[in-house]
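Participant: Starting off with a structure, shown below.
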Amino acid sequence: MREFENLDAFAAAVGEHLGYSEWLKVTQDRVNQFADATDDHQWIHVDEPMATAGPFGGTIAHGFLTLSLLSAFGPKIYKVNGIKMGINYGLNKVRFPQPVKVGSKVRAGAELVEITDIPGGKQAVSKWTVEIDDEAKPACVAEWVTRFLA
């Protein structure tokens, strides 16, 4: 994990790749729990027999499940010290180029793209890429906007 002493040190890293998370296996149980939490029970996610005969050869994770894993991956990639809090401000752009088949392993990498001053802190835009083990295309590419308050 990359650790920054403060917001100024973090801002100095604009244009740098911040690192990668560890690999995480996407299980059917996780997909089912996400389906229950979001009321998205589409068959490609939760009906294993039907999905096996479908276009992906098995169940796949929800795109929004893949995106939501950024919250788990982030603290394993970098930490900014000397702040009161970091808050999710939103996303600029999100794409899901490749579905994540249940049983696959995924990890995220992050690049710090931009830092701007805001009252009480800084706003960061980082580019996140969720990779799938043994797949050429990523599962998700997203620009994540975070506010860090000092």
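Residue numbers start at 1 in each chain; chains themselves are named A, B, ... in the order of the structure tokens; ligands are numbered from 1 in the order shown.
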For the strand (DSSP E) assignment from backbone DSSP, which residues of region 7-108 of chain A qualify? Please present them as a ChimeraX atom specification.

Facilitator: /A:17-20,24-25,78-80,85-95,105-108

Participant: Take the residues from that selection and put them in a file with N, CA and C atoms, as a short mmCIF file (atom, residue, chain, number, x, y, z; two decimals), in the first residue's frame.

Facilitator:
data_model
loop_
_atom_site.label_atom_id
_atom_site.label_comp_id
_atom_site.auth_asym_id
_atom_site.auth_seq_id
_atom_site.Cartn_x
_atom_site.Cartn_y
_atom_site.Cartn_z
N HIS A 17 0.79 6.25 -11.24
CA HIS A 17 0.00 5.07 -10.90
C HIS A 17 0.21 4.81 -9.41
N LEU A 18 -0.87 4.62 -8.68
CA LEU A 18 -0.79 4.50 -7.22
C LEU A 18 -0.60 3.07 -6.74
N GLY A 19 -0.86 2.10 -7.60
CA GLY A 19 -0.67 0.70 -7.20
C GLY A 19 -1.87 -0.16 -7.53
N TYR A 20 -1.80 -1.39 -7.05
CA TYR A 20 -2.83 -2.40 -7.30
C TYR A 20 -3.30 -3.00 -5.98
N LEU A 24 -9.22 -10.61 -5.76
CA LEU A 24 -10.41 -10.99 -5.00
C LEU A 24 -11.26 -11.91 -5.87
N LYS A 25 -11.62 -13.07 -5.32
CA LYS A 25 -12.47 -14.01 -6.06
C LYS A 25 -13.93 -13.57 -5.95
N TYR A 78 -3.98 2.81 -1.47
CA TYR A 78 -3.30 4.00 -0.94
C TYR A 78 -4.04 4.57 0.27
N LYS A 79 -3.30 5.40 1.02
CA LYS A 79 -3.83 6.05 2.20
C LYS A 79 -3.25 7.45 2.26
N VAL A 80 -4.10 8.43 2.57
CA VAL A 80 -3.64 9.80 2.75
C VAL A 80 -3.75 10.13 4.24
N MET A 85 -11.30 13.35 6.78
CA MET A 85 -12.07 12.30 6.11
C MET A 85 -11.93 12.43 4.61
N GLY A 86 -12.22 11.32 3.95
CA GLY A 86 -12.37 11.29 2.50
C GLY A 86 -13.79 10.88 2.19
N ILE A 87 -14.41 11.56 1.24
CA ILE A 87 -15.79 11.23 0.90
C ILE A 87 -15.92 11.00 -0.61
N ASN A 88 -16.78 10.09 -0.95
CA ASN A 88 -17.09 9.78 -2.34
C ASN A 88 -17.92 10.93 -2.88
N TYR A 89 -17.42 11.64 -3.90
CA TYR A 89 -18.14 12.76 -4.48
C TYR A 89 -18.89 12.35 -5.75
N GLY A 90 -18.43 11.26 -6.38
CA GLY A 90 -19.14 10.78 -7.56
C GLY A 90 -18.22 10.18 -8.59
N LEU A 91 -18.76 10.00 -9.76
CA LEU A 91 -18.03 9.39 -10.87
C LEU A 91 -18.22 10.25 -12.11
N ASN A 92 -17.16 10.39 -12.88
CA ASN A 92 -17.27 11.13 -14.13
C ASN A 92 -17.66 10.23 -15.29
N LYS A 93 -17.09 9.06 -15.32
CA LYS A 93 -17.31 8.15 -16.45
C LYS A 93 -17.08 6.72 -15.96
N VAL A 94 -17.95 5.82 -16.37
CA VAL A 94 -17.82 4.42 -16.01
C VAL A 94 -18.15 3.57 -17.23
N ARG A 95 -17.32 2.56 -17.46
CA ARG A 95 -17.57 1.61 -18.54
C ARG A 95 -17.30 0.20 -18.03
N LYS A 105 -11.23 -13.99 -10.64
CA LYS A 105 -10.56 -13.11 -9.69
C LYS A 105 -10.39 -11.74 -10.33
N VAL A 106 -10.62 -10.70 -9.53
CA VAL A 106 -10.47 -9.32 -10.01
C VAL A 106 -9.56 -8.56 -9.06
N ARG A 107 -8.93 -7.52 -9.60
CA ARG A 107 -8.16 -6.58 -8.79
C ARG A 107 -8.28 -5.21 -9.44
N ALA A 108 -7.95 -4.18 -8.68
CA ALA A 108 -8.03 -2.82 -9.20
C ALA A 108 -6.67 -2.16 -9.17
#

Participant: So that I can check the surroundings of Val26 (chain A), please list as a list in words every protein, DNA and RNA residue that reaches within 10 Å of it, counting only C-alpha atoms and ignoring chain neighbours fewer than 4 positions away.

Facilitator: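 So the residues in contact are Arg30, Val31, Ile60, Ala61, Leu65, Thr66, Val100, Lys101, Val102, Gly103, Ser104, Lys105 and Val106 of chain A.
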
Participant: For all heavy atoms, I'd like the residues from the last selection saved as a tab-separated table (two decimals), in the first residue's frame.

Facilitator:
chain	number	residue	atom	x	y	z
A	30	ARG	N	-21.57	-13.78	-3.16
A	30	ARG	CA	-21.43	-12.31	-3.20
A	30	ARG	C	-22.41	-11.73	-4.22
A	30	ARG	O	-23.07	-10.72	-3.97
A	30	ARG	CB	-20.00	-11.90	-3.53
A	30	ARG	CG	-19.78	-10.39	-3.55
A	30	ARG	CD	-18.36	-10.04	-3.95
A	30	ARG	NE	-17.37	-10.43	-2.98
A	30	ARG	CZ	-16.90	-9.66	-2.00
A	30	ARG	NH1	-17.32	-8.43	-1.88
A	30	ARG	NH2	-15.99	-10.12	-1.17
A	31	VAL	N	-22.50	-12.36	-5.39
A	31	VAL	CA	-23.42	-11.90	-6.43
A	31	VAL	C	-24.86	-11.98	-5.94
A	31	VAL	O	-25.65	-11.05	-6.14
A	31	VAL	CB	-23.21	-12.70	-7.74
A	31	VAL	CG1	-24.29	-12.39	-8.76
A	31	VAL	CG2	-21.83	-12.41	-8.31
A	60	ILE	N	-22.75	-14.13	-14.15
A	60	ILE	CA	-21.79	-13.03	-14.13
A	60	ILE	C	-22.16	-12.05	-13.03
A	60	ILE	O	-23.32	-11.96	-12.61
A	60	ILE	CB	-21.73	-12.29	-15.49
A	60	ILE	CG1	-23.08	-11.68	-15.85
A	60	ILE	CG2	-21.22	-13.22	-16.59
A	60	ILE	CD1	-23.05	-10.73	-17.04
A	61	ALA	N	-21.17	-11.33	-12.56
A	61	ALA	CA	-21.39	-10.29	-11.56
A	61	ALA	C	-22.10	-9.10	-12.19
A	61	ALA	O	-21.93	-8.81	-13.39
A	61	ALA	CB	-20.06	-9.84	-10.96
A	65	LEU	N	-21.90	-4.18	-9.08
A	65	LEU	CA	-21.15	-4.90	-8.03
A	65	LEU	C	-19.66	-4.69	-8.27
A	65	LEU	O	-18.91	-4.36	-7.34
A	65	LEU	CB	-21.50	-6.39	-8.04
A	65	LEU	CG	-20.59	-7.30	-7.21
A	65	LEU	CD1	-20.50	-6.87	-5.76
A	65	LEU	CD2	-21.05	-8.74	-7.30
A	66	THR	N	-19.22	-4.87	-9.51
A	66	THR	CA	-17.81	-4.67	-9.83
A	66	THR	C	-17.39	-3.25	-9.47
A	66	THR	O	-16.35	-3.04	-8.84
A	66	THR	CB	-17.58	-4.94	-11.33
A	66	THR	OG1	-18.02	-6.27	-11.64
A	66	THR	CG2	-16.12	-4.79	-11.69
A	100	VAL	N	-17.68	-10.01	-15.65
A	100	VAL	CA	-16.93	-10.80	-14.67
A	100	VAL	C	-17.70	-12.09	-14.41
A	100	VAL	O	-18.79	-12.06	-13.83
A	100	VAL	CB	-16.74	-10.02	-13.34
A	100	VAL	CG1	-16.04	-10.91	-12.31
A	100	VAL	CG2	-15.97	-8.73	-13.58
A	101	LYS	N	-17.16	-13.20	-14.87
A	101	LYS	CA	-17.80	-14.49	-14.62
A	101	LYS	C	-17.60	-14.88	-13.16
A	101	LYS	O	-16.52	-14.67	-12.59
A	101	LYS	CB	-17.19	-15.55	-15.53
A	101	LYS	CG	-17.47	-15.31	-17.00
A	101	LYS	CD	-16.81	-16.36	-17.87
A	101	LYS	CE	-17.05	-16.04	-19.34
A	101	LYS	NZ	-16.35	-16.98	-20.22
A	102	VAL	N	-18.65	-15.44	-12.58
A	102	VAL	CA	-18.54	-15.91	-11.20
A	102	VAL	C	-17.43	-16.95	-11.13
A	102	VAL	O	-17.30	-17.81	-12.00
A	102	VAL	CB	-19.89	-16.49	-10.73
A	102	VAL	CG1	-19.73	-17.23	-9.41
A	102	VAL	CG2	-20.92	-15.37	-10.59
A	103	GLY	N	-16.59	-16.81	-10.11
A	103	GLY	CA	-15.43	-17.68	-9.95
A	103	GLY	C	-14.14	-17.01	-10.40
A	103	GLY	O	-13.05	-17.48	-10.09
A	104	SER	N	-14.27	-15.90	-11.14
A	104	SER	CA	-13.09	-15.16	-11.59
A	104	SER	C	-12.48	-14.37	-10.44
A	104	SER	O	-13.15	-14.08	-9.45
A	104	SER	CB	-13.47	-14.15	-12.69
A	104	SER	OG	-13.97	-14.80	-13.82
A	105	LYS	N	-11.23	-13.99	-10.64
A	105	LYS	CA	-10.56	-13.11	-9.69
A	105	LYS	C	-10.39	-11.74	-10.33
A	105	LYS	O	-10.05	-11.64	-11.52
A	105	LYS	CB	-9.19	-13.67	-9.29
A	105	LYS	CG	-9.29	-14.95	-8.47
A	105	LYS	CD	-7.94	-15.38	-7.93
A	105	LYS	CE	-7.04	-15.79	-9.08
A	105	LYS	NZ	-5.74	-16.33	-8.62
A	106	VAL	N	-10.62	-10.70	-9.53
A	106	VAL	CA	-10.47	-9.32	-10.01
A	106	VAL	C	-9.56	-8.56	-9.06
A	106	VAL	O	-9.41	-8.91	-7.89
A	106	VAL	CB	-11.83	-8.60	-10.13
A	106	VAL	CG1	-12.71	-9.25	-11.19
A	106	VAL	CG2	-12.57	-8.55	-8.80

Participant: Expressed in Å to a single decimal, how great is the separation between CA of Gln42 (chain A) and CA of Glu22 (chain A)?

Facilitator: 28.7 Å

Participant: Considering only alpha helix (DSSP H) as DSSP defines it on the backbone, what residues of chain A qualify? List them as an MDAnalysis selection string.

Facilitator: chainID A and resid 7:11 28:38 43:46 48:52 63:68 70:77

Participant: Residues near Arg147 (chain A), anyone? I mean within 12 Å using only C-alpha atoms, not counting same-chain ones fewer than 2 positions away, as a list in words.

Facilitator: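 Answer for this query is Leu7, Val80, Ile83, Lys84, Met85, Gly86, Ile87, Asn88, Tyr89, Gly90, Leu91, Glu114, Ile115, Thr116, Asp117, Ile118, Pro119, Gly120, Gly121, Lys122, Gln123, Ala124, Val125, Ser126, Trp144, Val145, Leu149 and Ala150 of chain A.
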
Participant: Mind checking which residues fall within 8 Å of Glu16 (chain A), counting only C-alpha atoms, ignoring those fewer than 2 positions away in the same chain, and posting them as JSON, numbers by chain?

Facilitator: {"A": [13, 14, 18, 111, 112, 113]}

Participant: Show me, as a list in words, the residues that have an atom within 8 Å of region 51-59 of chain A when counting only C-alpha atoms, minus same-chain residues fewer than 4 positions from it.

Facilitator: Gln28, Trp43, Ile44, His45, Val46, Asp47, Lys101 and Val102 of chain A

Participant: Compile the contact shell of Val141 (chain A) as a list in words: residues with an atom at most 8 Å away, counting only C-alpha atoms, same-chain residues fewer than 2 positions apart removed.

Facilitator: Val94, Arg95, Phe96, Pro97, Lys127, Trp128, Thr129, Val130, Pro138, Ala139 and Glu143 of chain A

Participant: Store the residues picked out above, limited to all heavy atoms, as a JSON list (two decimals), in the first residue's frame.

Facilitator:
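New file part-v7.json:
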[["chain", "number", "residue", "atom", "x", "y", "z"],
["A", 94, "VAL", "N", -17.95, 5.82, -16.37],
["A", 94, "VAL", "CA", -17.82, 4.42, -16.01],
["A", 94, "VAL", "C", -18.15, 3.57, -17.23],
["A", 94, "VAL", "O", -19.13, 3.82, -17.92],
["A", 94, "VAL", "CB", -18.80, 4.02, -14.86],
["A", 94, "VAL", "CG1", -18.67, 2.55, -14.53],
["A", 94, "VAL", "CG2", -18.58, 4.88, -13.64],
["A", 95, "ARG", "N", -17.32, 2.56, -17.46],
["A", 95, "ARG", "CA", -17.57, 1.61, -18.54],
["A", 95, "ARG", "C", -17.30, 0.20, -18.03],
["A", 95, "ARG", "O", -16.45, -0.01, -17.16],
["A", 95, "ARG", "CB", -16.65, 1.88, -19.75],
["A", 95, "ARG", "CG", -16.88, 3.23, -20.40],
["A", 95, "ARG", "CD", -18.22, 3.26, -21.14],
["A", 95, "ARG", "NE", -18.46, 4.51, -21.81],
["A", 95, "ARG", "CZ", -19.13, 5.55, -21.30],
["A", 95, "ARG", "NH1", -19.60, 5.49, -20.08],
["A", 95, "ARG", "NH2", -19.33, 6.64, -22.01],
["A", 96, "PHE", "N", -18.03, -0.78, -18.59],
["A", 96, "PHE", "CA", -17.87, -2.19, -18.24],
["A", 96, "PHE", "C", -17.53, -2.97, -19.51],
["A", 96, "PHE", "O", -18.39, -3.61, -20.11],
["A", 96, "PHE", "CB", -19.16, -2.73, -17.61],
["A", 96, "PHE", "CG", -19.61, -1.97, -16.39],
["A", 96, "PHE", "CD1", -20.72, -1.14, -16.45],
["A", 96, "PHE", "CD2", -18.92, -2.07, -15.20],
["A", 96, "PHE", "CE1", -21.15, -0.43, -15.33],
["A", 96, "PHE", "CE2", -19.33, -1.36, -14.08],
["A", 96, "PHE", "CZ", -20.44, -0.54, -14.14],
["A", 97, "PRO", "N", -16.25, -2.96, -19.94],
["A", 97, "PRO", "CA", -15.88, -3.60, -21.20],
["A", 97, "PRO", "C", -15.99, -5.12, -21.24],
["A", 97, "PRO", "O", -16.15, -5.69, -22.31],
["A", 97, "PRO", "CB", -14.41, -3.20, -21.40],
["A", 97, "PRO", "CG", -14.18, -2.05, -20.48],
["A", 97, "PRO", "CD", -15.16, -2.20, -19.36],
["A", 127, "LYS", "N", -8.31, 7.52, -11.96],
["A", 127, "LYS", "CA", -8.78, 6.56, -12.96],
["A", 127, "LYS", "C", -8.55, 5.16, -12.41],
["A", 127, "LYS", "O", -7.42, 4.80, -12.08],
["A", 127, "LYS", "CB", -8.03, 6.72, -14.28],
["A", 127, "LYS", "CG", -8.49, 5.74, -15.35],
["A", 127, "LYS", "CD", -7.72, 5.91, -16.63],
["A", 127, "LYS", "CE", -8.15, 4.88, -17.65],
["A", 127, "LYS", "NZ", -7.33, 4.95, -18.87],
["A", 128, "TRP", "N", -9.60, 4.39, -12.33],
["A", 128, "TRP", "CA", -9.56, 3.05, -11.78],
["A", 128, "TRP", "C", -9.82, 2.04, -12.89],
["A", 128, "TRP", "O", -10.73, 2.21, -13.70],
["A", 128, "TRP", "CB", -10.62, 2.91, -10.69],
["A", 128, "TRP", "CG", -10.26, 3.70, -9.49],
["A", 128, "TRP", "CD1", -10.35, 5.07, -9.34],
["A", 128, "TRP", "CD2", -9.71, 3.22, -8.28],
["A", 128, "TRP", "NE1", -9.89, 5.43, -8.12],
["A", 128, "TRP", "CE2", -9.49, 4.32, -7.44],
["A", 128, "TRP", "CE3", -9.37, 1.95, -7.83],
["A", 128, "TRP", "CZ2", -8.96, 4.18, -6.16],
["A", 128, "TRP", "CZ3", -8.85, 1.82, -6.56],
["A", 128, "TRP", "CH2", -8.65, 2.92, -5.74],
["A", 129, "THR", "N", -9.03, 0.99, -12.88],
["A", 129, "THR", "CA", -9.21, -0.10, -13.82],
["A", 129, "THR", "C", -9.32, -1.40, -13.03],
["A", 129, "THR", "O", -8.40, -1.74, -12.28],
["A", 129, "THR", "CB", -8.02, -0.19, -14.80],
["A", 129, "THR", "OG1", -7.90, 1.07, -15.48],
["A", 129, "THR", "CG2", -8.24, -1.28, -15.83],
["A", 130, "VAL", "N", -10.45, -2.07, -13.18],
["A", 130, "VAL", "CA", -10.65, -3.37, -12.53],
["A", 130, "VAL", "C", -10.30, -4.43, -13.56],
["A", 130, "VAL", "O", -10.96, -4.54, -14.60],
["A", 130, "VAL", "CB", -12.08, -3.56, -12.00],
["A", 130, "VAL", "CG1", -12.24, -4.94, -11.37],
["A", 130, "VAL", "CG2", -12.44, -2.46, -11.02],
["A", 138, "PRO", "N", -10.44, -5.22, -19.40],
["A", 138, "PRO", "CA", -10.81, -4.99, -17.99],
["A", 138, "PRO", "C", -12.31, -5.16, -17.78],
["A", 138, "PRO", "O", -13.10, -5.05, -18.72],
["A", 138, "PRO", "CB", -10.39, -3.54, -17.75],
["A", 138, "PRO", "CG", -10.45, -2.90, -19.09],
["A", 138, "PRO", "CD", -10.09, -3.98, -20.08],
["A", 139, "ALA", "N", -12.68, -5.38, -16.55],
["A", 139, "ALA", "CA", -14.09, -5.49, -16.18],
["A", 139, "ALA", "C", -14.74, -4.12, -16.06],
["A", 139, "ALA", "O", -15.91, -3.94, -16.38],
["A", 139, "ALA", "CB", -14.24, -6.22, -14.85],
["A", 143, "GLU", "N", -13.69, 6.81, -13.73],
["A", 143, "GLU", "CA", -13.09, 8.01, -13.14],
["A", 143, "GLU", "C", -13.86, 8.30, -11.86],
["A", 143, "GLU", "O", -15.05, 8.60, -11.91],
["A", 143, "GLU", "CB", -13.19, 9.20, -14.09],
["A", 143, "GLU", "CG", -12.26, 9.13, -15.26],
["A", 143, "GLU", "CD", -12.33, 10.38, -16.13],
["A", 143, "GLU", "OE1", -13.04, 11.36, -15.76],
["A", 143, "GLU", "OE2", -11.69, 10.39, -17.17]]

Participant: Using only C-alpha atoms, which residue out of A:Gly15, A:Gly63, A:Gly74, A:Gly109 lies closest to Thr146 (chain A)?

Facilitator: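 Of all the options, A:Gly74 lies closest to Thr146 (chain A).
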
Participant: Quick one, how far is CA of Leu67 (chain A) from CA of Cys140 (chain A)?

Facilitator: 6.8 Å

Participant: What separation in Å, quoted to one decimal, exists between CA of Thr27 (chain A) and CA of Met1 (chain A)?

Facilitator: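 Atom-to-atom, CA of Thr27 (chain A) to CA of Met1 (chain A), that is 24.8 Å.
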
Participant: Tell me which of A:Arg2, A:His62, A:Lys76, A:Lys137 sits closest to Ala35 (chain A), counting only C-alpha atoms.

Facilitator: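 Closest candidate: A:His62.
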